[in-house]
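Next comes protein37.txt, with compact mmCIF, C-alpha atoms and all ligand atoms.
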```
# COMPACT_ATOMS: atom_id res chain seq x y z
CA MET A 93 12.86 14.44 20.26
CA ASP A 94 9.42 13.04 19.31
CA LYS A 95 9.58 9.74 17.47
CA HIS A 96 9.49 10.37 13.75
CA ASN A 97 8.10 7.74 11.34
CA PHE A 98 8.30 7.72 7.53
CA VAL A 99 5.04 6.02 6.64
CA THR A 100 3.23 8.07 4.01
CA ILE A 101 4.32 10.68 1.51
CA ALA A 102 1.07 12.58 2.15
CA ASP A 103 2.63 13.89 5.39
CA LEU A 104 5.50 15.63 3.61
CA SER A 105 5.28 19.36 2.95
CA ARG A 106 6.84 20.98 -0.10
CA GLU A 107 9.67 22.29 2.12
CA LYS A 108 10.29 18.84 3.58
CA ILE A 109 10.44 17.22 0.12
CA LEU A 110 12.99 19.79 -1.09
CA TYR A 111 14.93 19.34 2.17
CA MET A 112 15.02 15.55 1.65
CA ILE A 113 16.29 16.08 -1.90
CA ARG A 114 19.11 18.29 -0.50
CA LEU A 115 19.90 15.58 2.03
CA SER A 116 19.98 12.93 -0.72
CA GLU A 117 22.32 15.14 -2.78
CA GLU A 118 24.76 15.19 0.14
CA PHE A 119 24.73 11.39 0.23
CA LEU A 120 25.25 11.26 -3.54
CA ARG A 121 28.41 13.34 -2.98
CA HIS A 122 29.60 11.25 -0.03
CA PRO A 123 27.73 7.95 0.39
CA ASN A 124 30.30 6.32 2.73
CA ARG A 125 30.40 7.60 6.30
CA GLU A 126 30.29 6.37 9.87
CA ILE A 127 27.55 8.69 11.05
CA LEU A 128 25.37 5.71 12.14
CA LYS A 129 28.16 3.82 13.92
CA GLY A 130 26.65 1.95 16.88
CA LYS A 131 23.11 1.97 15.45
CA VAL A 132 21.15 -1.12 14.42
CA VAL A 133 18.70 -1.02 11.50
CA ALA A 134 16.10 -3.82 11.22
CA THR A 135 14.59 -4.75 7.85
CA LEU A 136 11.37 -6.80 8.11
CA PHE A 137 10.12 -7.86 4.68
CA TYR A 138 6.80 -9.73 4.60
CA GLU A 139 6.77 -9.41 0.80
CA PRO A 140 9.53 -10.03 -1.79
CA SER A 141 11.96 -7.27 -2.68
CA THR A 142 15.30 -6.77 -4.39
CA ARG A 143 15.92 -3.02 -4.66
CA THR A 144 14.15 -1.67 -1.61
CA ARG A 145 15.56 -4.13 0.91
CA LEU A 146 19.07 -4.24 -0.53
CA SER A 147 19.33 -0.47 -0.95
CA PHE A 148 18.09 0.13 2.62
CA GLU A 149 20.59 -2.43 3.91
CA THR A 150 23.35 -0.94 1.76
CA ALA A 151 22.43 2.52 3.02
CA ALA A 152 22.69 1.36 6.64
CA ASN A 153 25.97 -0.47 6.00
CA ARG A 154 27.54 2.44 4.11
CA LEU A 155 26.70 4.74 7.04
CA GLY A 156 28.31 2.44 9.60
CA ALA A 157 25.17 0.84 11.10
CA ARG A 158 24.60 -2.87 11.50
CA VAL A 159 21.61 -4.62 9.96
CA ILE A 160 19.31 -7.35 11.30
CA GLY A 161 16.02 -8.69 9.94
CA PHE A 162 14.33 -11.11 7.62
CA SER A 163 13.66 -11.17 3.91
CA ASP A 164 11.13 -13.99 4.21
CA ALA A 165 8.63 -13.85 7.07
CA LYS A 166 8.14 -17.63 6.78
CA ALA A 167 11.63 -18.03 8.22
CA SER A 168 10.62 -15.99 11.30
CA SER A 169 8.19 -16.68 14.15
CA VAL A 170 5.47 -15.14 12.00
CA SER A 171 5.15 -18.71 10.66
CA LYS A 172 4.29 -19.83 14.23
CA GLY A 173 1.48 -17.30 14.43
CA GLU A 174 3.25 -14.32 16.00
CA THR A 175 1.25 -11.16 15.41
CA LEU A 176 2.55 -8.02 13.72
CA LYS A 177 2.21 -6.19 17.05
CA ASP A 178 4.41 -8.67 18.91
CA THR A 179 6.98 -8.84 16.13
CA ILE A 180 7.28 -5.04 16.02
CA LEU A 181 7.56 -4.77 19.81
CA MET A 182 10.21 -7.52 19.91
CA VAL A 183 12.32 -6.03 17.15
CA SER A 184 12.02 -2.60 18.80
CA ASN A 185 13.95 -4.17 21.70
CA TYR A 186 16.90 -4.81 19.40
CA ALA A 187 16.95 -2.09 16.72
CA ASP A 188 17.05 1.73 16.58
CA VAL A 189 14.86 1.90 13.46
CA ILE A 190 12.62 -0.60 11.65
CA VAL A 191 12.19 -0.69 7.86
CA MET A 192 9.17 -2.84 6.97
CA ARG A 193 7.34 -4.03 3.89
CA HIS A 194 3.96 -5.67 4.46
CA TYR A 195 1.15 -6.91 2.23
CA ILE A 196 -1.59 -5.27 4.36
CA GLU A 197 -2.45 -1.66 3.57
CA GLY A 198 -1.93 0.43 6.70
CA ALA A 199 0.42 -2.09 8.38
CA ALA A 200 3.25 0.43 8.59
CA GLN A 201 0.91 3.10 9.97
CA TYR A 202 -0.16 0.66 12.68
CA ALA A 203 3.44 -0.30 13.44
CA GLY A 204 4.34 3.38 13.67
CA GLU A 205 1.65 3.89 16.29
CA ILE A 206 2.81 1.07 18.57
CA ALA A 207 6.59 0.97 18.09
CA PRO A 208 8.89 2.92 20.41
CA VAL A 209 11.41 3.26 17.54
CA PRO A 210 10.92 4.96 14.14
CA ILE A 211 9.13 2.97 11.43
CA ILE A 212 9.96 3.36 7.74
CA ASN A 213 7.31 2.07 5.32
CA ALA A 214 9.00 0.08 2.53
CA GLY A 215 5.63 -0.59 0.86
CA ASP A 216 2.22 -1.57 2.28
CA GLY A 217 0.02 -3.55 -0.10
CA ALA A 218 -1.28 -1.47 -3.00
CA HIS A 219 -1.30 1.62 -0.79
CA GLN A 220 1.97 3.60 -0.46
CA HIS A 221 5.69 3.27 -1.19
CA PRO A 222 7.08 6.51 0.25
CA SER A 223 10.80 5.70 0.09
CA GLN A 224 10.40 4.82 -3.61
CA CYS A 225 8.61 8.13 -3.97
CA MET A 226 11.53 10.01 -2.40
CA LEU A 227 13.99 8.41 -4.80
CA ASP A 228 11.60 9.13 -7.69
CA LEU A 229 11.36 12.80 -6.66
CA PHE A 230 15.14 12.98 -6.27
CA THR A 231 15.57 11.46 -9.74
CA ILE A 232 13.00 13.73 -11.38
CA HIS A 233 14.70 16.76 -9.78
CA GLN A 234 18.12 15.47 -10.89
CA THR A 235 17.04 15.02 -14.51
CA GLN A 236 14.78 18.06 -14.92
CA SER A 237 16.61 20.46 -12.53
CA SER A 238 13.26 21.22 -10.90
CA LEU A 239 10.01 19.59 -9.80
CA GLU A 240 7.90 22.52 -11.01
CA ASN A 241 5.36 22.48 -13.88
CA LEU A 242 6.27 19.06 -15.26
CA THR A 243 4.15 16.79 -17.44
CA ILE A 244 4.37 13.26 -16.11
CA SER A 245 2.86 10.19 -17.79
CA LEU A 246 2.00 7.34 -15.43
CA VAL A 247 1.67 4.20 -17.52
CA GLY A 248 0.41 0.69 -16.79
CA ASP A 249 -1.05 -0.59 -13.55
CA LEU A 250 -2.43 2.55 -11.95
CA LYS A 251 -4.90 0.56 -9.86
CA TYR A 252 -2.49 -1.55 -7.81
CA GLY A 253 0.75 0.39 -8.38
CA ARG A 254 1.53 1.96 -5.03
CA THR A 255 4.46 3.94 -6.48
CA VAL A 256 2.20 5.98 -8.75
CA HIS A 257 -0.19 6.69 -5.88
CA SER A 258 2.66 8.05 -3.78
CA LEU A 259 4.13 10.07 -6.66
CA LEU A 260 0.95 11.88 -7.58
CA MET A 261 0.36 12.83 -3.94
CA ALA A 262 3.88 14.17 -3.52
CA MET A 263 3.75 16.17 -6.76
CA ARG A 264 0.71 18.16 -5.58
CA HIS A 265 3.09 20.87 -4.33
CA PHE A 266 4.66 21.44 -7.75
CA ASN A 267 1.86 22.17 -10.26
CA PRO A 268 2.17 18.97 -12.31
CA SER A 269 0.11 17.81 -15.30
CA PHE A 270 -0.44 14.07 -15.45
CA HIS A 271 -1.32 11.67 -18.23
CA PHE A 272 -2.84 8.55 -16.69
CA VAL A 273 -2.33 5.78 -19.28
CA ALA A 274 -4.07 2.54 -18.29
CA PRO A 275 -6.68 0.06 -19.49
CA GLU A 276 -10.07 0.44 -17.84
CA GLU A 277 -9.40 -2.54 -15.55
CA LEU A 278 -6.26 -0.87 -14.16
CA SER A 279 -7.28 2.78 -14.22
CA MET A 280 -6.38 5.23 -11.48
CA PRO A 281 -8.67 4.55 -8.50
CA ALA A 282 -11.46 7.05 -7.84
CA GLU A 283 -9.97 8.07 -4.48
CA TYR A 284 -6.77 9.30 -6.19
CA LYS A 285 -8.72 11.13 -8.90
CA LEU A 286 -10.70 12.79 -6.13
CA TYR A 287 -7.39 13.66 -4.45
CA CYS A 288 -6.30 15.33 -7.72
CA LYS A 289 -9.50 17.36 -7.86
CA GLU A 290 -9.18 18.42 -4.22
CA HIS A 291 -5.58 19.55 -4.75
CA GLY A 292 -5.99 21.13 -8.18
CA ILE A 293 -3.82 18.51 -9.90
CA LYS A 294 -4.43 18.43 -13.68
CA TYR A 295 -4.81 15.03 -15.30
CA GLU A 296 -6.03 13.40 -18.51
CA GLU A 297 -6.85 9.72 -18.87
CA HIS A 298 -5.75 7.70 -21.93
CA LEU A 299 -6.20 4.12 -23.03
CA ASP A 300 -3.21 4.23 -25.42
CA LEU A 301 0.44 5.10 -24.95
CA ASN A 302 0.38 7.19 -28.10
CA ASP A 303 2.65 9.77 -29.72
CA GLU A 304 0.74 12.71 -28.23
CA VAL A 305 1.35 11.36 -24.71
CA ILE A 306 5.01 10.57 -25.37
CA SER A 307 5.86 13.84 -27.15
CA THR A 308 4.36 16.05 -24.42
CA SER A 309 5.94 14.24 -21.45
CA ASP A 310 8.91 15.35 -19.36
CA ILE A 311 8.81 12.03 -17.52
CA ILE A 312 7.32 8.72 -18.63
CA TYR A 313 6.87 6.56 -15.55
CA MET A 314 6.30 2.96 -16.63
CA THR A 315 4.93 0.38 -14.19
CA ARG A 316 4.62 -3.38 -14.04
CA VAL A 317 1.19 -5.00 -13.99
CA GLN A 318 1.11 -6.27 -10.39
CA LYS A 319 0.26 -9.94 -10.86
CA GLU A 320 0.39 -10.63 -7.11
CA ARG A 321 -2.56 -8.27 -6.45
CA PHE A 322 -5.01 -9.91 -8.90
CA SER A 323 -7.65 -12.25 -7.51
CA ASP A 324 -8.56 -13.34 -11.09
CA LEU A 325 -5.48 -14.52 -13.04
CA MET A 326 -7.48 -14.55 -16.30
CA GLU A 327 -7.85 -10.81 -15.91
CA TYR A 328 -4.08 -10.52 -15.39
CA GLU A 329 -3.47 -12.50 -18.59
CA ARG A 330 -5.73 -10.10 -20.51
CA VAL A 331 -3.83 -6.96 -19.47
CA LYS A 332 -0.27 -8.10 -18.73
CA ASN A 333 1.20 -7.01 -22.08
CA ILE A 334 -0.99 -4.00 -22.66
CA TYR A 335 1.87 -1.47 -22.94
CA ILE A 336 5.34 -2.30 -24.19
CA LEU A 337 7.55 0.75 -24.67
CA LYS A 338 9.99 0.36 -27.58
CA SER A 339 12.80 2.61 -28.73
CA ASP A 340 11.15 3.50 -32.04
CA MET A 341 8.20 5.01 -30.13
CA LEU A 342 10.50 7.71 -28.71
CA VAL A 343 11.44 9.60 -31.91
CA ASN A 344 9.25 12.61 -31.08
CA ALA A 345 10.06 12.70 -27.36
CA LYS A 346 11.39 15.92 -25.81
CA SER A 347 15.19 15.83 -25.74
CA ASN A 348 15.26 15.92 -21.93
CA MET A 349 12.43 13.44 -21.41
CA ARG A 350 13.45 10.59 -19.13
CA ILE A 351 11.90 7.15 -18.72
CA LEU A 352 11.55 5.94 -15.15
CA HIS A 353 10.31 2.65 -13.75
CA PRO A 354 10.31 1.56 -10.09
CA LEU A 355 11.34 -1.92 -11.30
CA PRO A 356 11.25 -4.87 -11.48
CA ARG A 357 10.15 -4.79 -15.11
CA VAL A 358 8.55 -7.79 -16.73
CA ASN A 359 8.22 -6.80 -20.38
CA GLU A 360 6.69 -3.30 -20.30
CA ILE A 361 10.00 -1.73 -21.40
CA ASP A 362 11.66 -3.49 -24.32
CA TYR A 363 15.37 -4.19 -23.83
CA ASP A 364 16.08 -2.04 -26.91
CA VAL A 365 15.18 1.03 -24.80
CA ASP A 366 18.02 0.36 -22.34
CA ASP A 367 20.59 2.02 -24.62
CA ASN A 368 18.33 4.91 -25.56
CA PRO A 369 19.44 8.24 -24.01
CA HIS A 370 15.93 8.70 -22.59
CA ALA A 371 16.28 5.59 -20.40
CA TYR A 372 17.03 6.43 -16.76
CA TYR A 373 15.60 3.57 -14.69
CA ILE A 374 18.93 2.01 -13.76
CA GLN A 375 20.28 5.34 -12.45
CA GLN A 376 16.91 5.83 -10.72
CA ALA A 377 17.38 2.58 -8.79
CA ARG A 378 20.92 3.66 -7.84
CA ASN A 379 19.45 6.87 -6.39
CA GLY A 380 17.54 4.62 -3.99
CA LEU A 381 20.74 4.27 -2.00
CA TYR A 382 21.14 8.03 -1.48
CA ALA A 383 17.45 8.69 -0.82
CA ARG A 384 17.33 5.85 1.74
CA GLU A 385 20.49 7.08 3.47
CA ALA A 386 18.66 10.40 3.79
CA ILE A 387 15.46 8.77 5.12
CA ILE A 388 17.24 6.66 7.77
CA CYS A 389 19.19 9.68 9.02
CA ASP A 390 16.11 11.89 9.01
CA VAL A 391 13.99 9.53 11.13
CA LEU A 392 16.92 9.23 13.55
CA GLY A 393 16.93 13.03 13.94
CA ILE A 394 20.19 13.70 12.07
CA THR A 395 19.89 17.06 10.31
CA LEU A 396 21.18 18.43 6.99
CA ASP A 397 23.60 20.69 8.90
CA GLU A 398 25.02 17.68 10.70
CA ILE A 399 25.39 15.84 7.37
CA ILE A 400 27.12 18.82 5.73
CA ASN A 401 29.50 19.17 8.71
CA ASP A 402 29.95 15.41 9.14
CA ASP A 403 33.57 14.52 9.91
CA THR A 404 32.99 10.75 9.55
CA ILE A 405 33.13 10.77 5.74
CA ILE A 406 35.24 7.86 4.48
CA ASP A 407 35.58 8.55 0.74
N1 LIG B 501 10.88 -0.71 -6.64
C1 LIG B 501 10.76 -1.73 -5.75
O1 LIG B 501 10.05 -1.63 -4.74
O2 LIG B 501 11.51 -2.83 -6.05
P1 LIG B 501 11.60 -4.12 -5.13
O3 LIG B 501 10.22 -4.73 -5.08
O4 LIG B 501 12.62 -5.00 -5.78
O5 LIG B 501 12.01 -3.67 -3.75
```
Can you turn what I pasted into C-alpha cells?
Amino acid sequence: MDKHNFVTIADLSREKILYMIRLSEEFLRHPNREILKGKVVATLFYEPSTRTRLSFETAANRLGARVIGFSDAKASSVSKGETLKDTILMVSNYADVIVMRHYIEGAAQYAGEIAPVPIINAGDGAHQHPSQCMLDLFTIHQTQSSLENLTISLVGDLKYGRTVHSLLMAMRHFNPSFHFVAPEELSMPAEYKLYCKEHGIKYEEHLDLNDEVISTSDIIYMTRVQKERFSDLMEYERVKNIYILKSDMLVNAKSNMRILHPLPRVNEIDYDVDDNPHAYYIQQARNGLYAREAIICDVLGITLDEIINDDTIID
C-alpha cells in the first residue's frame, strides 16, 4: 500500500468525505475496539492544544494503540536545535503514524514528503486544520442530515482561522452558500475568495452579525480571534470583542439551525447560549473522537468494510 497522509482537506473528493463520515458513524456506534492493538501513534505538538491532541490520543487509546509524543516542543530536543526533518525521521523509527501540529504553514506537507510513516496534520499555522474539518463535516451532516445546499455563516477571524479555510474548501462539493461575517481587518483572505469563484461557491460578505444573517443560516460557525497570530497587539485589542453571540439574538433562527465553534472560545459565544437548543459546540468537540478514530484507521489502510466486520469491539 502507498503511504497515505492526511495533510489537507483540499485532497478529499466528495466520495471520500462521505466515506469518512460513514467511517466516523461506525466509531460513534462502537468507539472502543482493539483494532489498533500493537500500533504506536505519535503526537507531536509544537503549538498548544486541548481538544485536538487529547481527542487524537483518546482515539488511539480507545482503539488499542499506544501513544508517545510531546505536548510542548520545548521539552523535546527541538529546544537543542533539532530540525523538523530530523525529529520526523527519528519519530518515524518508533511510531506507525505521526499526528503533528506546527506553527509553520506547510510543515505537515513537508513532513508527509519525508516521513516513511503516515502524517496527520493537526493544524499548520493559519493554513489548514483538516481533522477539525472532518469532525465539522461529520457534525454538520449529523445535525442537518445532509451536507447539500446549506447556508453556513462563518463568523469572526476569517483571516487567521484555519478551520474556516478548511471548511469552505471541503464544502465545495455540496453547493453551499456562505455568509462571511468579519471586520475588514479579519476578512476572508483573497486567495480563499478566489477559490470560491473558481469552484462556484456562493458567498456574501458582512460586517455585522445581524438578524438577516442569523435567520437565513443552517449553521453559524463562530470562531475565536486568533491572538497568537497578530504581530500588532493593538490591532487585536481593537477587534477581539467584535462579535459576541447571545441567546436573545437567536429568536428568528431556523428551528434546526446549529451553532458550531472549533473551540476554545474566549468570549465570542456568551455563556447564556450554552443552554439554548441551537448550541451544538460541545457535542461537536465530542465528535472529534469519532472523526479522529476514522482518520487514524484510514491512514493506516483500515477500510470501512473491516470496521463494519471488526470482531475486536469491546462495548
Ligand atoms: N479546535 C481545536 O483545534 O482546539 P485545540 O486548539 O484545543 O486543539
Contacts of chain A with ligand LIG 501 (chain B) up to 7 Å, shortest pair per row, only C-alpha atoms and all ligand atoms, as JSON lines:
```
{"residue": "A:Pro140", "atom": "CA", "partner": "B:LIG501", "partner_atom": "O3", "distance": 6.3}
{"residue": "A:Ser141", "atom": "CA", "partner": "B:LIG501", "partner_atom": "O5", "distance": 3.8}
{"residue": "A:Thr142", "atom": "CA", "partner": "B:LIG501", "partner_atom": "O4", "distance": 3.5}
{"residue": "A:Arg143", "atom": "CA", "partner": "B:LIG501", "partner_atom": "O4", "distance": 4.0}
{"residue": "A:Thr144", "atom": "CA", "partner": "B:LIG501", "partner_atom": "O5", "distance": 3.6}
{"residue": "A:Arg145", "atom": "CA", "partner": "B:LIG501", "partner_atom": "O5", "distance": 5.9}
{"residue": "A:Gln224", "atom": "CA", "partner": "B:LIG501", "partner_atom": "N1", "distance": 6.3}
{"residue": "A:Pro354", "atom": "CA", "partner": "B:LIG501", "partner_atom": "N1", "distance": 4.2}
{"residue": "A:Leu355", "atom": "CA", "partner": "B:LIG501", "partner_atom": "N1", "distance": 4.8}
{"residue": "A:Pro356", "atom": "CA", "partner": "B:LIG501", "partner_atom": "O2", "distance": 5.8}
```
### Nearest to Ala207 (chain A) by atom-to-atom distance, counting all atoms listed in the file, from A:Arg193, A:Lys177, A:Lys166, A:His370
A:Lys177
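Excluding Ile312 (chain A) and any residue on its chain fewer than 2 positions from it, the residues at most 8 Å away by only C-alpha atoms are A:Ile244, A:Ser245, A:Leu246, A:Val247, A:Ile306, A:Ser309, A:Asp310, A:Met314, A:Met349, A:Arg350, A:Ile351, A:Leu352.
Separating CA of Tyr138 (chain A) from CA of Ala165 (chain A) is a distance of 5.1 Å.
The interatomic distance for the pair CA of Ile361 (chain A) and CA of His194 (chain A) works out to 26.8 Å.
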### Task
Report the distance between CA of Gln234 (chain A) and CA of Asn348 (chain A) in Å, rounded to one decimal place.
11.4 Å
